[in-house]
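Below is one structure; the comments refer to it alone.
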Amino acid sequence: MMNYEIPRKFNALINQAQQVAVEVFRPISRKYDIAEHEYPVELDMLASIMDGMNDGDIKGGAGATKLKQDKDKEAEGAVKNGSNMATVLGLTELCWGDVGLALSLPRQGLGNAAIAAVANKEQLERYKNTWAAMAITEPDAGSDSANINTTATLDGDEYVINGEKIFITAGGRCDAVVVWASLNKKLGRAAIKSFIVEKGTPGMELVRLDKKLGIKASDTATIRFEGCRIPKENLLGNPDIDTQKGFGGVMQTFDNTRPVVAAMAVGLARASIELTQALLKSAGVIADYAAPINNSLASEAELYRMEADLEAARLLTLKAAWMADNGYPNSKEASMAKAKAGRTANSITLKCAELCSSIGYSESHLLEKWARDSKILDIFEGTQQIQQLIVARRMLGKSSSELK
């Protein structure tokens, strides 16, 4: 049984992340929203500090390079709050500052999380200082990631990768890309594996950088692979195709990262509520939590409802991260947290912009930016609909072929 009180050992981490959000992210938030695709050089020093904090034991620290299901049987029965919880708590604060900048931190990409989740010791050591993006989505395969068409064909001691990937976060800035590809299309999802492809590899082409609605500080790329040859040692996880197990190995990444996306949404939603409360207070609207909701102003009642939704999303997120730290299967809980938090953040930011009227719609404050940024949190790493489908399968005990 878990206790939802935040352990005191994380206080320093939370305070440091909050300081970064206030002193680094917020002051440059509008700058990089306007200057889309311009790299935020202010993040280099922060990234170096995080690297230093994470040097050493793979179980310590926080961030994408430390996200891993803890399966330490020696500590069975002990309750742990480790790197998954630390990452969730820290990223909540950072995204209170700015989501796009949080996504732009070097060596904190989704590809780094994939490496941490399934790489062997040699790969972990080889790529520990690598900034890795994740390439899953294709022009004809989005949330239905089992239907990807990119192929990886073994030729001697190398895999030859062919295909096109779109919507790759940090795809233009990263050092390497973790590519999802099929070893044999006839064998379906079981043949899907992930491969590390380093930037500059012949046959790998950066096609374009995409303009977006929000998170403009973060670059989003399209990359094409044509006869791209990589060493067979760059395959992550087990190279064998197990038609009974499916592609659980590569999907394990999402069990670790969906709570992280949920945490991002929680931080963004909290920022919107807090600013809205301050703006309403300056207009004479002060929340009275002791008064019955029926006697409250409409704007107050909306705030109360938003706060309740946010707290539900926060607690689901903490539970999913705690389960990962303690070695419990958390696929259902990770999807529940991501679905709830993504939808809640989008709803809250839009409502906050509405409550603040012209101020919420203008660029005089960040509310309109947060409303734009929030939408992606309900889309990437599996849309709202996909998360609900995963939860339904887990609840009903159905396979993907039985419940589509």
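We label chains A, B, ... in the order they appear in the structure tokens, count residues from 1 in each chain, and number ligands from 1 in the order shown.
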Please list as a list in words every residue within 7 Å of stretch 7-16 of chain A, counting only C-alpha atoms and excluding residues in the same chain fewer than 5 positions away.
Ala86, Leu89, Gly90 and Glu93 of chain A
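The list of residues with at least one atom within 6 Å of A:Thr151, based on only C-alpha atoms and without residues fewer than 5 positions apart in the same chain, reads Ile161, Asn162, Ala181 and Ser182 of chain A.
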Excluding A:Gly284 and its own-chain neighbours fewer than 6 positions away, which residues fall within 12 Å of it when counting only C-alpha atoms? Please give them as a count of residues only.
5
One decimal place gives the atom CA of A:Asn84-atom CA of A:Ala321 separation as 5.3 Å
Taking only C-alpha atoms into account, produce a table as CSV in which each residue of stretch 211-241 of chain A with an atom at most 9 Å from an atom of stretch 373-378 of chain A appears once, together with its shortest atom pair and the distance in Å to one decimal, ordered by chain and rising number.
residue,atom,partner,partner_atom,distance
A:Leu213,CA,A:Asp373,CA,7.3
A:Gly214,CA,A:Asp373,CA,4.3
A:Ile215,CA,A:Asp373,CA,5.1
A:Lys216,CA,A:Asp373,CA,8.3
Find the residues near stretch 136-148 of chain A: any atom within 6 Å, counting only C-alpha atoms, skip ones fewer than 6 places away on the same chain, and give them as a short mmCIF file (atom, residue, chain, number, x, y, z; two decimals) with N, CA, C and O atoms, in the first residue's frame.
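result_10.cif, freshly written:
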data_model
loop_
_atom_site.label_atom_id
_atom_site.label_comp_id
_atom_site.auth_asym_id
_atom_site.auth_seq_id
_atom_site.Cartn_x
_atom_site.Cartn_y
_atom_site.Cartn_z
N LYS A 165 10.05 8.26 -40.63
CA LYS A 165 9.48 8.55 -39.33
C LYS A 165 9.15 10.04 -39.22
O LYS A 165 9.94 10.89 -39.68
N ILE A 166 8.02 10.34 -38.60
CA ILE A 166 7.58 11.73 -38.46
C ILE A 166 7.34 12.05 -36.98
O ILE A 166 7.28 11.17 -36.14
N TRP A 180 11.86 2.44 -34.15
CA TRP A 180 11.04 1.22 -34.13
C TRP A 180 10.92 0.70 -35.55
O TRP A 180 10.51 1.43 -36.46
N ARG A 189 3.20 -7.70 -34.81
CA ARG A 189 3.81 -6.87 -33.78
C ARG A 189 4.96 -7.56 -33.05
O ARG A 189 5.84 -6.89 -32.50
N GLY A 382 0.70 8.23 -27.27
CA GLY A 382 -0.59 7.55 -27.27
C GLY A 382 -1.72 8.51 -27.00
O GLY A 382 -1.75 9.18 -25.97
#
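Closest approach to A:Glu274 among A:Asp219, A:Glu302, A:Glu307, A:Asp242 is made by A:Glu307 (distances from only C-alpha atoms).
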Write out as a compact mmCIF listing (two decimals) with N, CA and C atoms, in the first residue's frame all residues of stretch 62-273 of chain A that backbone DSSP assigns to alpha helix (DSSP H).
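Written output follows (selection39.txt):
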# COMPACT_ATOMS: atom_id res chain seq x y z
N SER A 83 13.91 6.48 -8.91
CA SER A 83 14.12 7.38 -10.03
C SER A 83 12.83 7.74 -10.77
N ASN A 84 11.88 6.81 -10.84
CA ASN A 84 10.61 7.13 -11.51
C ASN A 84 9.86 8.21 -10.75
N MET A 85 9.78 8.09 -9.43
CA MET A 85 9.11 9.10 -8.62
C MET A 85 9.87 10.42 -8.67
N ALA A 86 11.18 10.36 -8.59
CA ALA A 86 11.99 11.57 -8.64
C ALA A 86 11.78 12.31 -9.95
N THR A 87 11.74 11.57 -11.05
CA THR A 87 11.56 12.19 -12.36
C THR A 87 10.19 12.84 -12.48
N VAL A 88 9.17 12.14 -12.02
CA VAL A 88 7.81 12.68 -12.06
C VAL A 88 7.69 13.97 -11.25
N LEU A 89 8.24 13.96 -10.04
CA LEU A 89 8.15 15.14 -9.17
C LEU A 89 8.95 16.31 -9.74
N GLY A 90 10.16 16.02 -10.24
CA GLY A 90 10.98 17.09 -10.79
C GLY A 90 10.39 17.69 -12.05
N LEU A 91 9.88 16.82 -12.93
CA LEU A 91 9.35 17.30 -14.20
C LEU A 91 8.04 18.06 -14.02
N THR A 92 7.27 17.72 -13.00
CA THR A 92 6.07 18.49 -12.70
C THR A 92 6.43 19.96 -12.46
N GLU A 93 7.49 20.18 -11.71
CA GLU A 93 7.92 21.55 -11.41
C GLU A 93 8.50 22.23 -12.65
N LEU A 94 9.31 21.50 -13.42
CA LEU A 94 9.91 22.10 -14.62
C LEU A 94 8.83 22.52 -15.61
N CYS A 95 7.78 21.71 -15.75
CA CYS A 95 6.73 22.03 -16.70
C CYS A 95 5.75 23.06 -16.16
N TRP A 96 5.78 23.31 -14.88
CA TRP A 96 5.14 24.50 -14.34
C TRP A 96 5.79 25.74 -14.95
N GLY A 97 7.09 25.59 -15.27
CA GLY A 97 7.81 26.69 -15.91
C GLY A 97 7.57 26.74 -17.40
N VAL A 99 6.79 23.68 -20.76
CA VAL A 99 6.82 22.31 -21.28
C VAL A 99 7.82 22.18 -22.42
N GLY A 100 7.80 23.10 -23.36
CA GLY A 100 8.69 23.02 -24.51
C GLY A 100 10.15 23.02 -24.12
N LEU A 101 10.51 23.84 -23.14
CA LEU A 101 11.89 23.89 -22.67
C LEU A 101 12.26 22.62 -21.94
N ALA A 102 11.33 22.06 -21.17
CA ALA A 102 11.59 20.79 -20.49
C ALA A 102 11.87 19.68 -21.50
N LEU A 110 12.90 10.97 -25.13
CA LEU A 110 12.19 9.70 -25.02
C LEU A 110 13.08 8.54 -25.42
N GLY A 111 13.99 8.78 -26.36
CA GLY A 111 14.94 7.74 -26.74
C GLY A 111 15.84 7.34 -25.58
N ASN A 112 16.22 8.30 -24.74
CA ASN A 112 17.00 7.99 -23.56
C ASN A 112 16.23 7.08 -22.60
N ALA A 113 14.92 7.34 -22.50
CA ALA A 113 14.08 6.49 -21.65
C ALA A 113 14.00 5.07 -22.21
N ALA A 114 13.93 4.96 -23.54
CA ALA A 114 13.89 3.63 -24.17
C ALA A 114 15.18 2.86 -23.91
N ILE A 115 16.30 3.55 -23.99
CA ILE A 115 17.59 2.91 -23.73
C ILE A 115 17.65 2.45 -22.27
N ALA A 116 17.22 3.33 -21.36
CA ALA A 116 17.24 2.98 -19.93
C ALA A 116 16.36 1.78 -19.63
N ALA A 117 15.24 1.66 -20.37
CA ALA A 117 14.26 0.61 -20.08
C ALA A 117 14.73 -0.77 -20.52
N VAL A 118 15.36 -0.88 -21.69
CA VAL A 118 15.61 -2.22 -22.24
C VAL A 118 17.05 -2.49 -22.67
N LYS A 121 23.89 -3.86 -20.37
CA LYS A 121 24.89 -3.06 -19.66
C LYS A 121 25.86 -2.38 -20.61
N GLU A 122 26.25 -3.11 -21.67
CA GLU A 122 27.20 -2.54 -22.63
C GLU A 122 26.59 -1.35 -23.35
N GLN A 123 25.33 -1.45 -23.73
CA GLN A 123 24.65 -0.36 -24.41
C GLN A 123 24.42 0.83 -23.48
N LEU A 124 24.08 0.55 -22.23
CA LEU A 124 23.91 1.62 -21.25
C LEU A 124 25.19 2.42 -21.09
N GLU A 125 26.31 1.74 -21.05
CA GLU A 125 27.59 2.42 -20.90
C GLU A 125 27.96 3.19 -22.17
N ARG A 126 27.71 2.56 -23.32
CA ARG A 126 28.10 3.17 -24.59
C ARG A 126 27.31 4.44 -24.88
N GLY A 248 6.18 -6.68 -26.13
CA GLY A 248 6.16 -6.11 -24.79
C GLY A 248 7.45 -5.41 -24.42
N GLY A 249 8.59 -5.88 -24.96
CA GLY A 249 9.87 -5.26 -24.62
C GLY A 249 9.94 -3.81 -25.02
N VAL A 250 9.60 -3.50 -26.28
CA VAL A 250 9.66 -2.11 -26.71
C VAL A 250 8.53 -1.29 -26.08
N MET A 251 7.40 -1.92 -25.81
CA MET A 251 6.28 -1.21 -25.20
C MET A 251 6.54 -0.87 -23.74
N GLN A 252 7.48 -1.56 -23.11
CA GLN A 252 7.79 -1.29 -21.71
C GLN A 252 8.23 0.16 -21.52
N THR A 253 8.82 0.74 -22.56
CA THR A 253 9.22 2.14 -22.48
C THR A 253 8.05 3.02 -22.07
N PHE A 254 6.88 2.77 -22.65
CA PHE A 254 5.72 3.61 -22.37
C PHE A 254 5.22 3.45 -20.94
N ASP A 255 5.38 2.28 -20.35
CA ASP A 255 4.97 2.10 -18.97
C ASP A 255 5.77 3.03 -18.06
N ASN A 256 6.99 3.36 -18.47
CA ASN A 256 7.83 4.27 -17.69
C ASN A 256 7.59 5.73 -18.04
N THR A 257 7.32 6.02 -19.32
CA THR A 257 7.27 7.41 -19.75
C THR A 257 5.87 8.02 -19.74
N ARG A 258 4.83 7.22 -19.80
CA ARG A 258 3.48 7.80 -19.74
C ARG A 258 3.21 8.52 -18.42
N PRO A 259 3.67 7.99 -17.27
CA PRO A 259 3.54 8.79 -16.04
C PRO A 259 4.33 10.10 -16.11
N VAL A 260 5.42 10.10 -16.85
CA VAL A 260 6.22 11.32 -17.01
C VAL A 260 5.43 12.37 -17.80
N VAL A 261 4.78 11.95 -18.89
CA VAL A 261 3.94 12.87 -19.65
C VAL A 261 2.78 13.37 -18.79
N ALA A 262 2.22 12.48 -17.99
CA ALA A 262 1.16 12.89 -17.07
C ALA A 262 1.66 13.95 -16.10
N ALA A 263 2.89 13.78 -15.61
CA ALA A 263 3.48 14.76 -14.69
C ALA A 263 3.66 16.11 -15.38
N MET A 264 4.04 16.09 -16.63
CA MET A 264 4.17 17.33 -17.39
C MET A 264 2.82 18.05 -17.46
N ALA A 265 1.77 17.29 -17.70
CA ALA A 265 0.43 17.87 -17.78
C ALA A 265 -0.01 18.43 -16.43
N VAL A 266 0.33 17.73 -15.34
CA VAL A 266 -0.02 18.21 -14.00
C VAL A 266 0.66 19.55 -13.71
N GLY A 267 1.95 19.65 -14.06
CA GLY A 267 2.67 20.90 -13.82
C GLY A 267 2.10 22.05 -14.61
N LEU A 268 1.78 21.81 -15.87
CA LEU A 268 1.22 22.86 -16.73
C LEU A 268 -0.16 23.30 -16.24
N ALA A 269 -0.99 22.35 -15.88
CA ALA A 269 -2.34 22.68 -15.40
C ALA A 269 -2.27 23.47 -14.09
N ARG A 270 -1.34 23.08 -13.22
CA ARG A 270 -1.20 23.80 -11.95
C ARG A 270 -0.77 25.25 -12.18
N ALA A 271 0.13 25.45 -13.14
CA ALA A 271 0.57 26.81 -13.47
C ALA A 271 -0.61 27.65 -13.93
N SER A 272 -1.47 27.08 -14.76
CA SER A 272 -2.62 27.82 -15.29
C SER A 272 -3.60 28.19 -14.18
N ILE A 273 -3.87 27.24 -13.29
CA ILE A 273 -4.80 27.51 -12.19
C ILE A 273 -4.24 28.60 -11.27
Hey, what's within 8 Å of A:Met336 if we count only C-alpha atoms and toss same-chain stuff fewer than 5 positions away? As number ranges by chain, please?
A: 316, 387-388, 391
